[in-house]
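The file run_11.txt comes next; it holds compact mmCIF, C-alpha atoms and all ligand atoms.
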```
# COMPACT_ATOMS: atom_id res chain seq x y z
CA MET A 1 -9.78 -37.57 -14.02
CA GLN A 2 -8.05 -40.49 -12.34
CA LYS A 3 -10.15 -42.32 -9.76
CA ASN A 4 -9.05 -41.82 -6.16
CA SER A 5 -6.87 -44.85 -5.37
CA VAL A 6 -6.92 -44.27 -1.58
CA PRO A 7 -10.52 -44.75 -0.44
CA GLY A 8 -11.61 -42.23 2.14
CA PHE A 9 -8.82 -39.75 1.33
CA THR A 10 -9.27 -36.65 -0.82
CA LEU A 11 -7.38 -33.45 -1.54
CA THR A 12 -9.36 -30.23 -1.32
CA ASN A 13 -9.02 -27.16 -3.52
CA ARG A 14 -7.45 -25.36 -0.53
CA GLN A 15 -4.58 -27.84 -0.63
CA THR A 16 -5.60 -29.75 2.46
CA ALA A 17 -6.13 -33.50 2.87
CA GLU A 18 -9.56 -34.72 3.88
CA LEU A 19 -10.41 -38.04 5.53
CA ILE A 20 -14.00 -39.07 4.92
CA HIS A 21 -16.20 -41.84 6.38
CA VAL A 22 -14.22 -41.84 9.63
CA ASN A 23 -15.75 -43.80 12.48
CA PRO A 24 -16.39 -41.16 15.20
CA ALA A 25 -15.10 -43.65 17.78
CA SER A 26 -11.67 -43.50 16.09
CA LEU A 27 -11.41 -39.71 16.00
CA GLU A 28 -9.38 -39.33 19.16
CA LEU A 29 -6.85 -41.92 18.03
CA ILE A 30 -6.56 -40.31 14.59
CA VAL A 31 -5.97 -36.87 16.12
CA GLU A 32 -3.26 -38.31 18.39
CA GLU A 33 -1.54 -40.07 15.51
CA LEU A 34 -1.67 -36.96 13.32
CA ALA A 35 -0.15 -34.91 16.15
CA ALA A 36 2.63 -37.51 16.56
CA ASN A 37 3.21 -37.23 12.81
CA GLU A 38 3.45 -33.41 13.11
CA THR A 39 0.38 -33.04 10.86
CA PRO A 40 -1.87 -30.37 12.31
CA LEU A 41 -5.64 -30.60 12.04
CA GLY A 42 -7.09 -28.21 9.51
CA THR A 43 -9.30 -25.32 10.42
CA GLU A 44 -12.60 -24.09 9.04
CA LYS A 45 -13.56 -21.76 11.87
CA SER A 46 -12.78 -18.11 12.53
CA GLU A 47 -9.07 -18.64 12.28
CA ILE A 48 -6.25 -18.25 9.80
CA VAL A 49 -6.67 -21.27 7.56
CA ASN A 50 -3.78 -22.93 5.75
CA VAL A 51 -1.83 -20.64 3.44
CA THR A 52 -2.15 -21.80 -0.17
CA ALA A 53 0.29 -21.23 -3.02
CA CYS A 54 0.82 -22.12 -6.67
CA PRO A 55 3.97 -24.12 -7.58
CA GLY A 56 5.97 -20.93 -8.23
CA THR A 57 9.59 -20.89 -9.36
CA ASP A 58 9.93 -24.52 -8.33
CA ARG A 59 7.82 -25.79 -11.23
CA CYS A 60 6.26 -23.07 -13.37
CA LYS A 61 8.03 -21.15 -16.12
CA PHE A 62 5.74 -18.14 -15.65
CA ALA A 63 6.61 -17.72 -11.96
CA GLN A 64 8.18 -14.49 -10.73
CA ILE A 65 8.56 -15.41 -7.04
CA ASP A 66 9.22 -18.45 -4.84
CA SER A 67 5.63 -18.80 -3.66
CA ILE A 68 6.15 -22.13 -1.89
CA SER A 69 8.88 -20.91 0.49
CA LEU A 70 6.86 -17.79 1.25
CA ALA A 71 3.71 -19.84 1.91
CA LEU A 72 5.55 -22.22 4.23
CA ALA A 73 7.02 -19.33 6.22
CA LEU A 74 3.67 -17.52 6.53
CA ASP A 75 1.82 -20.73 7.35
CA LYS A 76 4.30 -21.60 10.09
CA LYS A 77 3.77 -18.18 11.64
CA HIS A 78 0.02 -17.68 11.26
CA PHE A 79 -1.84 -20.97 10.66
CA GLY A 80 -4.57 -21.65 13.21
CA LYS A 81 -4.43 -18.18 14.82
CA GLU A 82 -7.77 -17.31 16.37
CA MET A 83 -9.46 -14.45 14.52
CA PRO A 84 -12.83 -12.69 14.65
CA VAL A 85 -13.44 -13.75 11.02
CA LYS A 86 -12.16 -16.60 8.88
CA SER A 87 -9.01 -15.29 7.21
CA ARG A 88 -7.40 -16.86 4.15
CA ILE A 89 -3.99 -16.10 2.67
CA ALA A 90 -3.17 -17.20 -0.89
CA ILE A 91 -0.15 -16.66 -3.12
CA SER A 92 0.24 -16.75 -6.90
CA ALA A 93 3.71 -16.40 -8.31
CA CYS A 94 2.49 -14.42 -11.33
CA PRO A 95 -0.58 -12.44 -12.45
CA ASN A 96 -2.08 -15.54 -14.09
CA SER A 97 -3.43 -15.94 -10.55
CA CYS A 98 -3.95 -19.71 -10.56
CA MET A 99 -4.67 -19.48 -6.79
CA SER A 100 -7.28 -16.71 -7.23
CA GLU A 101 -5.29 -14.96 -4.50
CA ARG A 102 -7.06 -11.63 -4.97
CA LEU A 103 -10.30 -13.37 -4.01
CA ASN A 104 -8.89 -14.15 -0.57
CA GLU A 105 -8.85 -11.96 2.54
CA ILE A 106 -5.11 -11.54 1.94
CA GLY A 107 -3.60 -12.12 -1.50
CA ILE A 108 0.01 -11.96 -2.68
CA THR A 109 0.96 -11.90 -6.38
CA GLY A 110 4.43 -12.05 -7.92
CA VAL A 111 4.81 -9.20 -10.41
CA VAL A 112 7.50 -7.64 -12.56
CA ARG A 113 7.65 -4.34 -14.41
CA PRO A 114 9.20 -4.37 -17.88
CA PHE A 115 11.05 -1.44 -19.38
CA ARG A 116 12.92 -0.77 -22.55
CA VAL A 117 16.71 -0.47 -22.45
CA PRO A 118 18.90 1.31 -25.01
CA GLY A 119 19.55 -0.75 -28.09
CA THR A 120 18.13 -1.32 -31.50
CA CYS A 121 14.58 -2.59 -31.60
CA THR A 122 14.08 -4.18 -34.99
CA GLY A 123 10.31 -3.93 -34.74
CA CYS A 124 10.07 -7.68 -35.30
CA GLY A 125 6.85 -7.83 -33.22
CA THR A 126 7.76 -10.91 -31.16
CA CYS A 127 6.99 -9.07 -27.91
CA VAL A 128 3.66 -7.84 -29.35
CA HIS A 129 2.74 -11.44 -30.07
CA TYR A 130 3.65 -12.58 -26.53
CA CYS A 131 1.79 -9.81 -24.70
CA LYS A 132 -1.77 -10.96 -24.15
CA GLU A 133 -2.81 -7.56 -22.83
CA HIS A 134 -2.09 -5.61 -26.05
CA ALA A 135 0.21 -3.46 -23.93
CA ILE A 136 2.94 -3.30 -26.58
CA ARG A 137 2.66 -1.72 -30.02
CA ILE A 138 5.13 -1.11 -32.78
CA ARG A 139 5.24 2.53 -33.79
CA ASN A 140 7.63 3.81 -36.45
CA GLY A 141 9.39 0.45 -36.41
CA ALA A 142 10.04 0.30 -32.63
CA LEU A 143 8.16 -0.84 -29.54
CA VAL A 144 6.00 1.40 -27.37
CA MET A 145 4.68 0.14 -24.02
CA ASP A 146 1.37 1.07 -22.45
CA ASP A 147 1.85 1.00 -18.65
CA ASN A 148 -1.88 1.21 -18.02
CA ALA A 149 -2.61 -1.97 -19.97
CA CYS A 150 0.37 -3.94 -18.57
CA VAL A 151 -0.47 -6.49 -15.85
CA HIS A 152 3.22 -7.09 -15.01
CA CYS A 153 3.40 -10.73 -15.99
CA GLY A 154 6.90 -10.48 -17.51
CA MET A 155 6.10 -12.56 -20.58
CA CYS A 156 7.69 -10.00 -22.90
CA ILE A 157 11.02 -9.89 -21.08
CA ASN A 158 12.58 -13.15 -22.19
CA CYS A 159 11.01 -13.30 -25.63
CA CYS A 160 12.96 -10.41 -27.21
CA PRO A 161 15.76 -11.92 -29.31
CA PHE A 162 17.73 -8.67 -28.96
CA HIS A 163 17.32 -8.29 -25.17
CA ILE A 164 15.73 -4.86 -25.48
CA ILE A 165 13.20 -5.48 -22.67
CA LYS A 166 14.47 -5.82 -19.10
CA SER A 167 12.98 -5.45 -15.63
CA ASP A 168 13.84 -4.73 -12.03
CA PRO A 169 13.74 -7.80 -9.73
CA PRO A 170 10.24 -9.23 -9.19
CA ALA A 171 8.00 -7.67 -6.55
CA TYR A 172 5.14 -8.73 -4.24
CA HIS A 173 1.72 -7.17 -4.84
CA ILE A 174 -0.46 -7.47 -1.70
CA THR A 175 -4.25 -7.20 -1.63
CA VAL A 176 -6.70 -7.23 1.28
CA GLY A 177 -10.42 -7.91 1.48
CA GLY A 178 -11.15 -10.33 -1.35
CA ARG A 179 -13.54 -13.24 -1.17
CA ARG A 180 -14.91 -16.11 -3.23
CA GLY A 181 -18.37 -17.58 -3.01
CA ARG A 182 -21.75 -16.33 -4.18
CA HIS A 183 -20.77 -12.69 -4.21
CA PRO A 184 -17.07 -12.62 -5.05
CA LYS A 185 -14.97 -9.51 -4.49
CA VAL A 186 -11.49 -8.61 -5.62
CA GLY A 187 -9.25 -7.48 -2.77
CA HIS A 188 -8.07 -3.87 -2.53
CA HIS A 189 -4.46 -3.15 -3.34
CA PHE A 190 -2.56 -2.66 -0.08
CA VAL A 191 1.05 -2.15 -1.16
CA THR A 192 3.68 -3.59 -3.49
CA VAL A 193 7.03 -4.42 -1.89
CA LYS A 194 10.42 -5.69 -2.94
CA SER A 195 11.23 -8.58 -0.60
CA PRO A 196 9.66 -11.53 1.22
CA GLU A 197 10.92 -10.00 4.50
CA THR A 198 8.77 -6.92 3.94
CA VAL A 199 5.84 -9.14 2.91
CA ASP A 200 6.25 -10.93 6.22
CA LEU A 201 6.24 -7.63 8.13
CA CYS A 202 3.21 -6.39 6.24
CA ILE A 203 1.17 -9.56 6.69
CA GLU A 204 1.91 -9.52 10.40
CA LYS A 205 0.47 -5.99 10.65
CA ILE A 206 -2.56 -6.86 8.53
CA VAL A 207 -3.32 -9.98 10.58
CA TYR A 208 -3.00 -8.02 13.82
CA TRP A 209 -5.30 -5.29 12.48
CA ILE A 210 -7.96 -7.82 11.47
CA TYR A 211 -7.61 -9.44 14.90
CA ARG A 212 -8.04 -6.12 16.73
CA ARG A 213 -10.61 -4.35 14.59
CA ALA A 214 -12.85 -6.87 12.78
CA TRP A 215 -15.92 -8.45 14.30
CA GLY A 216 -17.68 -11.77 13.73
CA ASP A 217 -20.88 -12.40 11.74
CA VAL A 218 -19.79 -10.15 8.86
CA LEU A 219 -17.22 -11.28 6.29
CA LEU A 220 -14.08 -9.14 6.28
CA PRO A 221 -14.64 -7.66 2.77
CA ASP A 222 -18.03 -6.35 3.91
CA GLN A 223 -16.66 -4.45 6.89
CA LEU A 224 -13.49 -2.90 5.46
CA ASP A 225 -14.92 0.62 5.28
CA ASP A 226 -16.43 0.40 8.76
CA ILE A 227 -13.16 -0.67 10.34
CA GLY A 228 -11.13 2.00 8.55
CA PHE A 229 -9.21 0.09 5.90
CA GLU A 230 -7.88 3.14 4.03
CA THR A 231 -6.59 4.85 7.17
CA PHE A 232 -5.01 1.62 8.33
CA ARG A 233 -3.38 1.06 4.93
CA GLU A 234 -1.88 4.56 4.90
CA ASP A 235 -0.64 4.18 8.49
CA VAL A 236 1.07 0.85 7.77
CA VAL A 237 2.63 1.90 4.49
CA LYS A 238 4.22 4.87 6.31
CA THR A 239 5.90 2.51 8.78
CA LEU A 240 7.44 0.18 6.19
CA PRO A 241 11.01 0.76 5.01
CA GLN A 242 10.30 3.30 2.26
CA ASP A 243 12.98 1.93 -0.07
CA GLU A 244 11.07 -1.38 -0.04
CA ILE A 245 7.89 0.10 -1.51
CA ILE A 246 7.26 0.15 -5.22
CA THR A 247 4.68 2.54 -6.60
CA GLY A 248 2.85 2.50 -9.89
CA TYR A 249 1.50 -1.06 -9.74
S1 LIG A 301 0.02 -18.37 -10.96
FE1 LIG A 301 1.58 -18.14 -12.55
S2 LIG A 301 3.43 -19.02 -11.64
FE2 LIG A 301 1.69 -19.77 -10.45
S3 LIG A 301 1.17 -21.73 -11.40
FE3 LIG A 301 -0.14 -20.16 -12.32
S4 LIG A 301 0.95 -19.57 -14.18
FE4 LIG A 301 2.43 -20.62 -12.85
S1 LIG A 302 4.73 -7.60 -18.63
FE1 LIG A 302 3.08 -8.82 -19.54
S2 LIG A 302 1.37 -7.43 -19.78
FE2 LIG A 302 3.18 -6.16 -19.44
S3 LIG A 302 3.90 -5.65 -21.46
FE3 LIG A 302 5.02 -7.49 -20.86
S4 LIG A 302 3.81 -9.20 -21.64
FE4 LIG A 302 2.49 -7.37 -21.71
S1 LIG A 303 11.53 -5.24 -28.34
FE1 LIG A 303 12.53 -7.05 -29.16
S2 LIG A 303 10.88 -8.49 -29.61
FE2 LIG A 303 9.94 -6.46 -29.37
S3 LIG A 303 9.80 -5.63 -31.41
FE3 LIG A 303 11.73 -4.89 -30.57
S4 LIG A 303 13.25 -6.38 -31.16
FE4 LIG A 303 11.26 -7.36 -31.51
```
Structure re-expressed in structure tokens:
Amino acid sequence: MQKNSVPGFTLTNRQTAELIHVNPASLELIVEELAANETPLGTEKSEIVNVTACPGTDRCKFAQIDSISLALALDKKHFGKEMPVKSRIAISACPNSCMSERLNEIGITGVVRPFRVPGTCTGCGTCVHYCKEHAIRIRNGALVMDDNACVHCGMCINCCPFHIIKSDPPAYHITVGGRRGRHPKVGHHFVTVKSPETVDLCIEKIVYWIYRRAWGDVLLPDQLDDIGFETFREDVVKTLPQDEIITGY
């Protein structure tokens, strides 16, 4: 690892910048200068902390969604909002989950569902080789997909030399109630939707629900049942544009 060339400055694993060894007498001045520079102070309290995202379609060949634009839009809207519990939002542009988004209070994952189109499958096995989940088999010289084993990464779609595997446009898989730390938990699936606009609508409702229903002292994942997560989820999903919802993920 390269040694930090700016003494006193570090980057954290939540994609924030940290200034260390600051003289307390200079704090006020630093805060003023950061404000003038339009750089908000971070937050570690019971608030919405900065939204984190993987590089997405900008830089990663595995990406299914533009995670950076989505993160910037959500961060602009929600960062620093006072909450009863610390609330983190993270986005991974594919199920490789480099941001461990499902271990955050709110997680968003870019997903895609492959399907076979008419045409001659030669049974060459290229797609079998690319699928790390063993979700594709060759039977009687042609491919067979196992929807239960598929994690919707999309790796098989571009590898077929005969273009036999296609997909609908990528979708956004949203989870709620994950956490890292000593006792990690994977968030519960909330809904999978087609567009960033519907993600925005959904996150707004989830944030408002946490704000209204959660209480302090207990981490959100530990109070989901008590504050009626399932009922809330069903109520919200009903209010979303139904043609935006994708089932079966
Ligand atoms: S989560 Fe997927 S798209 Fe994002 S950086 Fe990792 S591999 Fe790339
Ligand atoms: S989308 Fe990913 S997991 Fe699903 S079949 Fe294709 S390669 Fe396998
Ligand atoms: S779907 Fe394409 S890559 Fe897979 S076995 Fe058939 S021809 Fe080969």
Write out as CSV the residues of segment 24-121 of chain A that have any atom within 10 Å of an atom of segment 191-202 of chain A, one row each with the nearest atom pair and its distance in Å to one decimal, counting all atoms listed in the file, sorted by chain and then rising number.
```
residue,atom,partner,partner_atom,distance
A:Ile65,CA,A:Pro196,CA,9.2
A:Asp66,CA,A:Pro196,CA,9.2
A:Ser67,CA,A:Pro196,CA,9.6
A:Ser69,CA,A:Pro196,CA,9.4
A:Leu70,CA,A:Pro196,CA,6.9
A:Ala73,CA,A:Asp200,CA,8.4
A:Leu74,CA,A:Asp200,CA,7.1
A:Lys77,CA,A:Asp200,CA,9.4
A:Ile108,CA,A:Val199,CA,8.6
A:Thr109,CA,A:Thr192,CA,9.2
A:Gly110,CA,A:Thr192,CA,9.6
A:Val111,CA,A:Thr192,CA,9.0
```
Find the residues near Lys61 of chain A: any atom within 12 Å, counting only C-alpha atoms, skip ones fewer than 2 places away on the same chain, and give them as an mmCIF file with C-alpha atoms, in the coordinates of the input.
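The file below, out.cif, is the result:
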```
data_model
loop_
_atom_site.group_PDB
_atom_site.id
_atom_site.type_symbol
_atom_site.label_atom_id
_atom_site.label_comp_id
_atom_site.auth_asym_id
_atom_site.auth_seq_id
_atom_site.Cartn_x
_atom_site.Cartn_y
_atom_site.Cartn_z
ATOM 1 C CA CYS A 54 0.820 -22.120 -6.670
ATOM 2 C CA PRO A 55 3.970 -24.120 -7.580
ATOM 3 C CA GLY A 56 5.970 -20.930 -8.230
ATOM 4 C CA THR A 57 9.590 -20.890 -9.360
ATOM 5 C CA ASP A 58 9.930 -24.520 -8.330
ATOM 6 C CA ARG A 59 7.820 -25.790 -11.230
ATOM 7 C CA ALA A 63 6.610 -17.720 -11.960
ATOM 8 C CA GLN A 64 8.180 -14.490 -10.730
ATOM 9 C CA ILE A 65 8.560 -15.410 -7.040
ATOM 10 C CA ASP A 66 9.220 -18.450 -4.840
ATOM 11 C CA ALA A 93 3.710 -16.400 -8.310
ATOM 12 C CA CYS A 94 2.490 -14.420 -11.330
ATOM 13 C CA ASN A 96 -2.080 -15.540 -14.090
ATOM 14 C CA CYS A 153 3.400 -10.730 -15.990
ATOM 15 C CA GLY A 154 6.900 -10.480 -17.510
ATOM 16 C CA MET A 155 6.100 -12.560 -20.580
ATOM 17 C CA ASN A 158 12.580 -13.150 -22.190
#
```
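Using all atoms listed in the file, the smallest distance between any of A:Phe229, A:Phe79, A:Phe9, A:Tyr249 and ligand LIG 302 (chain A) comes from A:Tyr249.
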Kindly assemble as a tab-separated table a list of the chain A residues that lie within 8 Å of ligand LIG 303 (chain A), each paired with its nearest atom pair and their distance in Å to one decimal, using all atoms listed in the file, sorted first by chain and then by ascending residue number.
```
residue	atom	partner	partner_atom	distance
A:Arg116	CA	A:LIG303	S1	7.4
A:Thr120	CA	A:LIG303	S4	7.0
A:Cys121	CA	A:LIG303	FE3	3.8
A:Thr122	CA	A:LIG303	S4	4.5
A:Gly123	CA	A:LIG303	S3	3.8
A:Cys124	CA	A:LIG303	FE4	4.0
A:Gly125	CA	A:LIG303	S3	4.1
A:Thr126	CA	A:LIG303	S2	4.2
A:Cys127	CA	A:LIG303	FE2	4.2
A:Val128	CA	A:LIG303	FE2	6.4
A:Ile138	CA	A:LIG303	S3	6.6
A:Gly141	CA	A:LIG303	S3	7.9
A:Ala142	CA	A:LIG303	FE3	5.8
A:Leu143	CA	A:LIG303	S3	5.4
A:Cys156	CA	A:LIG303	S2	7.6
A:Cys159	CA	A:LIG303	S2	6.2
A:Cys160	CA	A:LIG303	S2	3.7
A:Pro161	CA	A:LIG303	FE1	5.8
A:Phe162	CA	A:LIG303	FE1	5.5
A:His163	CA	A:LIG303	FE1	6.4
A:Ile164	CA	A:LIG303	S1	5.1
A:Ile165	CA	A:LIG303	S1	5.9
```
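Nearest-residue note for Val31 of chain A: choosing from A:Gly80, A:Leu19, A:Glu230, A:Ser5, the minimum distance belongs to A:Leu19, counting only C-alpha atoms.
Our summary of the geometry notes that atom CA of Ile210 of chain A is positioned 20.5 Å from atom CA of Tyr172 of chain A.
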